[in-house]
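Undergrad: Once you've had a glance at the structure underneath, I'll fire off some questions.
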There are 2 protein chains.
Amino acid sequence: MTRRGYSPVPFAEVRLTSPFWRERLEVVLKRTIPSQHAKLAEVGILESLKLPKPVPPLRMPRNNHGFTVQVFWDSDVGKWIEAAAYALAHRRDPDIEAKIDAIVEDFAAAQSPDGYLNCWYNGREPDKRWTNLRDNHELYNAGHLLEGAIAYFRITGRRRFLDIMERYVDHIAATFGTGPGQKRGYPGHQEIELALFKLYRLTGDRRRLDLARYFIDERGREPPHYFTREAIARGDDPAKFSHGTYEYNQSHLPVREQAKVVGHAVRAMYMLCAMADLAADLGDEGLRRACETLWRDVTAAQMYVTAGLGPKETNEGFTEPFDLPNETAYAETCASVALIFWAQRMLHLDLDGDYAEVMERALFNGALSGLSREGTHYFYSNPLESRGQHKRWAWHICPCCTMNVARLVASVGGYFLSIGADGVAFHLYGGIEANVAIAGTKVALRETSDYPWSGDIRIEVDPEAAAAFDLKLRVPGWTKGAKATVNGEPIPLAGNSGYATIHRRWSKGDVVTLTLPLPAERLYAHPNVRMDVGRVALRRGPLIYCVEEADNPGQPVQTLELPRAAPIEAKQRADLFGGVVTLEAPAKRLVPGDAEGALYSTTPPAAKDETLTALPYYLWANRGRGSMQVWIAEGGG
Amino acid sequence: MTRRGYSPVPFAEVRLTSPFWRERLEVVLKRTIPSQHAKLAEVGILESLKLPKPVPPLRMPRNNHGFTVQVFWDSDVGKWIEAAAYALAHRRDPDIEAKIDAIVEDFAAAQSPDGYLNCWYNGREPDKRWTNLRDNHELYNAGHLLEGAIAYFRITGRRRFLDIMERYVDHIAATFGTGPGQKRGYPGHQEIELALFKLYRLTGDRRRLDLARYFIDERGREPPHYFTREAIARGDDPAKFSHGTYEYNQSHLPVREQAKVVGHAVRAMYMLCAMADLAADLGDEGLRRACETLWRDVTAAQMYVTAGLGPKETNEGFTEPFDLPNETAYAETCASVALIFWAQRMLHLDLDGDYAEVMERALFNGALSGLSREGTHYFYSNPLESRGQHKRWAWHICPCCTMNVARLVASVGGYFLSIGADGVAFHLYGGIEANVAIAGTKVALRETSDYPWSGDIRIEVDPEAAAAFDLKLRVPGWTKGAKATVNGEPIPLAGNSGYATIHRRWSKGDVVTLTLPLPAERLYAHPNVRMDVGRVALRRGPLIYCVEEADNPGQPVQTLELPRAAPIEAKQRADLFGGVVTLEAPAKRLVPGDAEGALYSTTPPAAKDETLTALPYYLWANRGRGSMQVWIAEGGG
């Protein structure tokens, strides 16, 4: 069943009252956004925008993929502006705005007369623009700058940056395409496609949509392959592509023919966002089918239980089905953030709870784990196991994830609600207020809960005048026995695909309650995930849990064994991180079974009674170094 | 209890009749040794010896450690000559001998007037000799050439190569030392020390011993550290050592102060061989204690169950206690070969069955797995798990392991027996004949068995005249209920430290039988080996087993689960590899517990009955690609 026609309520129209998200949001507003500006200055990124002075010498070494990270510094600035703009929507801040305006002036000065704008090329290699789309991120940078410009305009109404970027987009549109004299190129790192779609949505200018569609349609066409032609044209051997396959950037096949998610995870996710945008807007069934096929491929065999994506460091991406190593998981924060973007778009192609479930799982786990409790340290990789070698970073040579998680948290309200022609749908809970218009009627909505800690949800529906419409409430797959009332009267929870629909004539003061039991549950991986055989993960509601040495001291947490029959108890812990729910279970601590503690023995390990305490995964590594594990060994009996 | 005074019976005096080892030996003689010469020619290594022609351009790329592999090509030739010489001891071969003699002439022509001999430096950078001991393997090469020269002289009596090498050793002795004008250097890759000890044993020339002792004693002394001084002297930044720590080559501390085995595994093992040699010969208690401390460190926390060493690829070596990942195990064949060398030396410092046990385990598992069934393919790394990505190599850019396993197999008879002042000790079984002299009496020994497949061992003891001496029989730790008879009469098996001593007056025709039950057993790792928690390995006698997809088809073997109580049955399998013993057990095949086969589910996997068949580990990857696992998930009940 297709249930189209829903579109998200933008975050700026959703006021977060959620205790959970207010805390994260305040940290991002007060600490993350300002400290990121300071870091951008400290490492030379802001200085690199100041042309025509020579670009300063690289202050950080090349990363281990052989990139000069400077080629994508523009994108970091664009993403920071976007995150900061979202922060301004919550609370205006003249200091931050002045900082953004100063950056915008640098971009204005750096822009070429013909509209081209890239601080690396304009400052260092102006004659080499557009010669290496495969590696050098020009279009990717343009996309992030465009997203920043759109966000800043939407929040402040100031259009100088947007004007700059529209000129640049005009230049890009003139440069790339199928017309005479145009380059038939497309981005090595997808991003601009979804930014162009946002610009189209903002301005209604259909040329922006056409350009996005061109980039998507042209991708992977051959013969000859554009990146091959381009390499030959600049005198490089195309065979010497460091990643060895165009699967790396998903240009190995035209996008509609792709049936397996491959290569660099963030590139793949951004591309899929654009494909879903275009599928929805154009009714393009080919793109829609490709999205659905690739969704199944990712979620059936290539996604960590935390909704982390991409096990491998060398391609920052996918390998093969069921290959999900825990300790060496790459699972880049950006990839989970991008998965949220994609899942939200799929949800608006088809209002199916499966999409919402993955969106929520990535949000509360794989993405949120990228940001430290105090808001100034990060994880780029999000492993599911540690022996204590992992530590959050104050910055990263490639700081993409830092701003990605910031822009996500600053705009998280935008993932809660959608509006359709005849109703409103709740995807997430946790406390929001919004005024929406449903079928011409203004409706004030107020959802109150302590979600994800509690599943007791109260929704006040206040139409300005009584009106009939659907209230669609997501009933997550992980809950059982959900109950609802309207004005105190129990109602049956009817609906399908993960959404219960309450259709009635709503009046001022109507109150709906939704009770979602949050069982503490064991999760098992498909047995083909060889790393997780004999292991169990713990989940409560949308949260995946882990055992961390700070809560289970003495020996590495990998020596804990959770018997299959052990009861798991949720505990309110006011003493931890301002109040969280931990999971506790009677468990075993494995110790050597022989007296000598030999490395290998015919005597099985002995099992001592011990209480296991599990913490929400997103909070790990906030109390110094120590061992951590998501997939716990399961004991018999 | 110290039981010194035993020394090995050289392999050339031990005739192998063992069905197990004859098969391996014939393969090495007929296929491995000749094919290795062909490979040395094919990849340009033999050509590289022909000076003063310019050294040919590198035909193979730099390896992933940034080495120019050419700098250690001499060592590959030396090791091949050693292996080939050992082969000649079994069966002379004019063709092979002509090939060796031709190579020797190349070395003769390449040697400098002052005795220096290194084909890389003499052919390419003659003015740079001895400027980079840290990285460039000159002394390592010299060691392997010297071992080759000694072996060839011992077998054939031809001393041209030995003379060349003695001249080179004289040059080295003049160059390095604590005297005025001498360099206080030592090898970046240890090897020459044990070769010098062999030369000392061959010629009795004590200067060779002194030089070996100098290299061992000087190692790791500071300030300033020799490799630091040397780097500065050649204009390099010492901080830019690619491995970042002198632990890599065990020069971070004087050897007597080393209490943890660190760094590159083969370097560590070769150093420990020399330390044990010197400890035995000089009665050096400091070296002996260091050896014992490091032995405990390796075997208590840093050794795979296969006796593989060194989990990590980047340093080809050790990481930290209990860090023994299976699929990514480096466990270089050379490291297990070198562990055998070291264990044998420790055994002759102290006749303790623990040393023999590790020696045997490395021999039958971690080392032997490096050679394919047909004798011309190799493993450099010996992982304990595969999803099918591993494949034996026809050659390797750094072919060290290929010749190491060849020289081991060709000389395996040398690990069976030791002679002391008043007795003979058997360490291994499997079928040998030897004539030894014990306290002045010539004794013919004949051991007959189908070991390791069977533990029924018969030993004929034929002194030329009746004589009293000890017959020491190793009773491995893995057997229980061993029994013995002398001339049909049961005798008690008394003794300690893993050796039963039969003291009697032996006469011609005496027959001893030893029955070693070979139980099929489960092994458990110390629970701090996080990868092996909840897992079990199978062992029968000295053989570690694995499950391979070829014997357990349908799904990856990682989906097999072996219940703790399942009986394990040994099966004679004449159809496999010319006759082996496999282990079979009623086991479970895990399949998704939910109908959809979801990636994650609250339903545990279902377990279907299936017979598990395990193969000796050393035989894996001889039937094409497929999954493999040593540590099998253990089920309850």
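In the structure tokens, chains take the letters A, B, ... in the order shown, each chain's residues start at 1, and ligands count up from 1 in the order shown.
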Which residues of stretch 566-606 of chain B have any atom within 12 Å of an atom in stretch 356-375 of chain B when counting only C-alpha atoms, and what is the closest pair of atoms for each, with the distance in Å to one decimal? Order the rows by chain and rising number and write it as a Markdown table.

TA:
```
| residue | atom | partner | partner_atom | distance |
| --- | --- | --- | --- | --- |
| B:Leu576 | CA | B:Arg373 | CA | 11.4 |
| B:Phe577 | CA | B:Arg373 | CA | 8.0 |
| B:Gly578 | CA | B:Arg373 | CA | 10.3 |
```

Undergrad: Distance cut-off 6 Å, counting only C-alpha atoms - which residues of chain A neighbour chain B? Return them as an NGL selection string.

TA: :A and (300-301 or 522-527 or 530 or 558-559 or 590-592 or 599-602 or 604 or 636)

Undergrad: Given the selection you just returned, output its residues as a file containing N, CA and C atoms, formatted as a PDB file, in the first residue's frame.

TA:
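Result file is selection26.pdb:
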```pdb
ATOM      1  N   ALA A 300      18.753  -5.309   5.055  1.00  0.00           N
ATOM      2  CA  ALA A 300      18.672  -6.759   5.244  1.00  0.00           C
ATOM      3  C   ALA A 300      20.029  -7.392   5.475  1.00  0.00           C
ATOM      4  N   ALA A 301      21.110  -6.684   5.163  1.00  0.00           N
ATOM      5  CA  ALA A 301      22.398  -7.386   5.248  1.00  0.00           C
ATOM      6  C   ALA A 301      23.613  -6.501   5.483  1.00  0.00           C
ATOM      7  N   ARG A 522      16.271  -8.761  24.064  1.00  0.00           N
ATOM      8  CA  ARG A 522      17.457  -9.295  23.414  1.00  0.00           C
ATOM      9  C   ARG A 522      17.265  -9.241  21.910  1.00  0.00           C
ATOM     10  N   LEU A 523      18.310  -8.861  21.223  1.00  0.00           N
ATOM     11  CA  LEU A 523      18.309  -8.927  19.766  1.00  0.00           C
ATOM     12  C   LEU A 523      19.366  -9.921  19.315  1.00  0.00           C
ATOM     13  N   TYR A 524      19.015 -10.674  18.307  1.00  0.00           N
ATOM     14  CA  TYR A 524      19.950 -11.630  17.719  1.00  0.00           C
ATOM     15  C   TYR A 524      20.216 -11.221  16.279  1.00  0.00           C
ATOM     16  N   ALA A 525      21.440 -11.377  15.872  1.00  0.00           N
ATOM     17  CA  ALA A 525      21.769 -11.106  14.473  1.00  0.00           C
ATOM     18  C   ALA A 525      21.497 -12.351  13.636  1.00  0.00           C
ATOM     19  N   HIS A 526      21.238 -12.125  12.368  1.00  0.00           N
ATOM     20  CA  HIS A 526      21.171 -13.232  11.403  1.00  0.00           C
ATOM     21  C   HIS A 526      22.444 -14.079  11.566  1.00  0.00           C
ATOM     22  N   PRO A 527      22.316 -15.400  11.580  1.00  0.00           N
ATOM     23  CA  PRO A 527      23.504 -16.224  11.845  1.00  0.00           C
ATOM     24  C   PRO A 527      24.631 -16.041  10.827  1.00  0.00           C
ATOM     25  N   ARG A 530      28.843 -13.454  11.093  1.00  0.00           N
ATOM     26  CA  ARG A 530      29.668 -14.421  11.811  1.00  0.00           C
ATOM     27  C   ARG A 530      30.198 -13.882  13.126  1.00  0.00           C
ATOM     28  N   GLN A 558      34.300  -7.897  27.686  1.00  0.00           N
ATOM     29  CA  GLN A 558      34.144  -9.052  26.799  1.00  0.00           C
ATOM     30  C   GLN A 558      34.112 -10.363  27.577  1.00  0.00           C
ATOM     31  N   THR A 559      34.441 -10.340  28.864  1.00  0.00           N
ATOM     32  CA  THR A 559      34.351 -11.555  29.674  1.00  0.00           C
ATOM     33  C   THR A 559      32.977 -11.704  30.329  1.00  0.00           C
ATOM     34  N   LEU A 590      33.184 -14.482  33.162  1.00  0.00           N
ATOM     35  CA  LEU A 590      33.998 -15.650  32.849  1.00  0.00           C
ATOM     36  C   LEU A 590      35.423 -15.454  33.373  1.00  0.00           C
ATOM     37  N   VAL A 591      35.889 -16.460  34.065  1.00  0.00           N
ATOM     38  CA  VAL A 591      37.274 -16.467  34.545  1.00  0.00           C
ATOM     39  C   VAL A 591      37.867 -17.811  34.135  1.00  0.00           C
ATOM     40  N   PRO A 592      39.195 -17.891  34.104  1.00  0.00           N
ATOM     41  CA  PRO A 592      39.786 -19.163  33.668  1.00  0.00           C
ATOM     42  C   PRO A 592      39.257 -20.327  34.498  1.00  0.00           C
ATOM     43  N   LEU A 599      46.534 -20.011  28.845  1.00  0.00           N
ATOM     44  CA  LEU A 599      45.970 -19.385  27.655  1.00  0.00           C
ATOM     45  C   LEU A 599      44.966 -20.318  26.985  1.00  0.00           C
ATOM     46  N   TYR A 600      45.282 -21.614  26.954  1.00  0.00           N
ATOM     47  CA  TYR A 600      44.354 -22.607  26.398  1.00  0.00           C
ATOM     48  C   TYR A 600      44.238 -23.762  27.371  1.00  0.00           C
ATOM     49  N   SER A 601      43.031 -24.240  27.542  1.00  0.00           N
ATOM     50  CA  SER A 601      42.788 -25.266  28.542  1.00  0.00           C
ATOM     51  C   SER A 601      41.645 -26.147  28.086  1.00  0.00           C
ATOM     52  N   THR A 602      41.674 -27.408  28.512  1.00  0.00           N
ATOM     53  CA  THR A 602      40.523 -28.261  28.229  1.00  0.00           C
ATOM     54  C   THR A 602      39.383 -28.005  29.204  1.00  0.00           C
ATOM     55  N   PRO A 604      36.577 -25.684  30.612  1.00  0.00           N
ATOM     56  CA  PRO A 604      35.869 -24.469  30.188  1.00  0.00           C
ATOM     57  C   PRO A 604      36.052 -23.358  31.221  1.00  0.00           C
ATOM     58  N   GLY A 636      24.159 -20.333  27.976  1.00  0.00           N
ATOM     59  CA  GLY A 636      22.970 -21.186  27.957  1.00  0.00           C
ATOM     60  C   GLY A 636      22.233 -21.111  29.279  1.00  0.00           C
TER      61      GLY A 636
END
```

Undergrad: Please indicate the distance in Å from atom CA of B:Ala231 to atom CA of B:Trp130, rounded to one decimal place.

TA: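 Atom CA of B:Trp130 lies 11.3 Å from atom CA of B:Ala231.
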
Undergrad: Expressed in Å to a single decimal, how great is the separation between atom CA of A:Lys483 and atom CA of A:Thr515?

TA: 5.1 Å

Undergrad: With a distance cut-off of 8 Å and only C-alpha atoms, select the neighbouring residues of B:Glu327, excluding the residue or stretch itself and same-chain residues fewer than 6 positions from it, and output the selection as a CSV table (one decimal) with N, CA, C and O atoms, in the first residue's frame.

TA:
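Contents of the output file around-v1.csv:
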```
chain,number,residue,atom,x,y,z
B,383,PRO,N,45.7,-17.2,9.1
B,383,PRO,CA,44.5,-16.8,9.9
B,383,PRO,C,43.8,-18.0,10.4
B,383,PRO,O,43.9,-19.1,9.9
B,384,LEU,N,43.0,-17.8,11.5
B,384,LEU,CA,42.3,-18.9,12.1
B,384,LEU,C,40.8,-18.8,11.7
B,384,LEU,O,40.0,-19.6,12.2
B,385,GLU,N,40.5,-17.9,10.8
B,385,GLU,CA,39.1,-17.9,10.4
B,385,GLU,C,39.2,-17.2,9.0
B,385,GLU,O,40.0,-16.4,8.7
B,386,SER,N,38.2,-17.7,8.1
B,386,SER,CA,38.2,-17.1,6.8
B,386,SER,C,36.7,-17.1,6.4
B,386,SER,O,35.9,-18.0,6.8
```

Undergrad: If you run DSSP over the backbone, which residues in stretch 367-525 of chain A end up alpha helix (DSSP H)? Put them as a PyMOL selection string.

TA: chain A and resi 400-410

Undergrad: Compile the contact shell of A:Leu471 as an NGL selection string: residues with an atom at most 10 Å away, counting only C-alpha atoms, same-chain residues fewer than 3 positions apart removed.

TA: :A and (419 or 422-426 or 461 or 468 or 474 or 499-504 or 506 or 512)
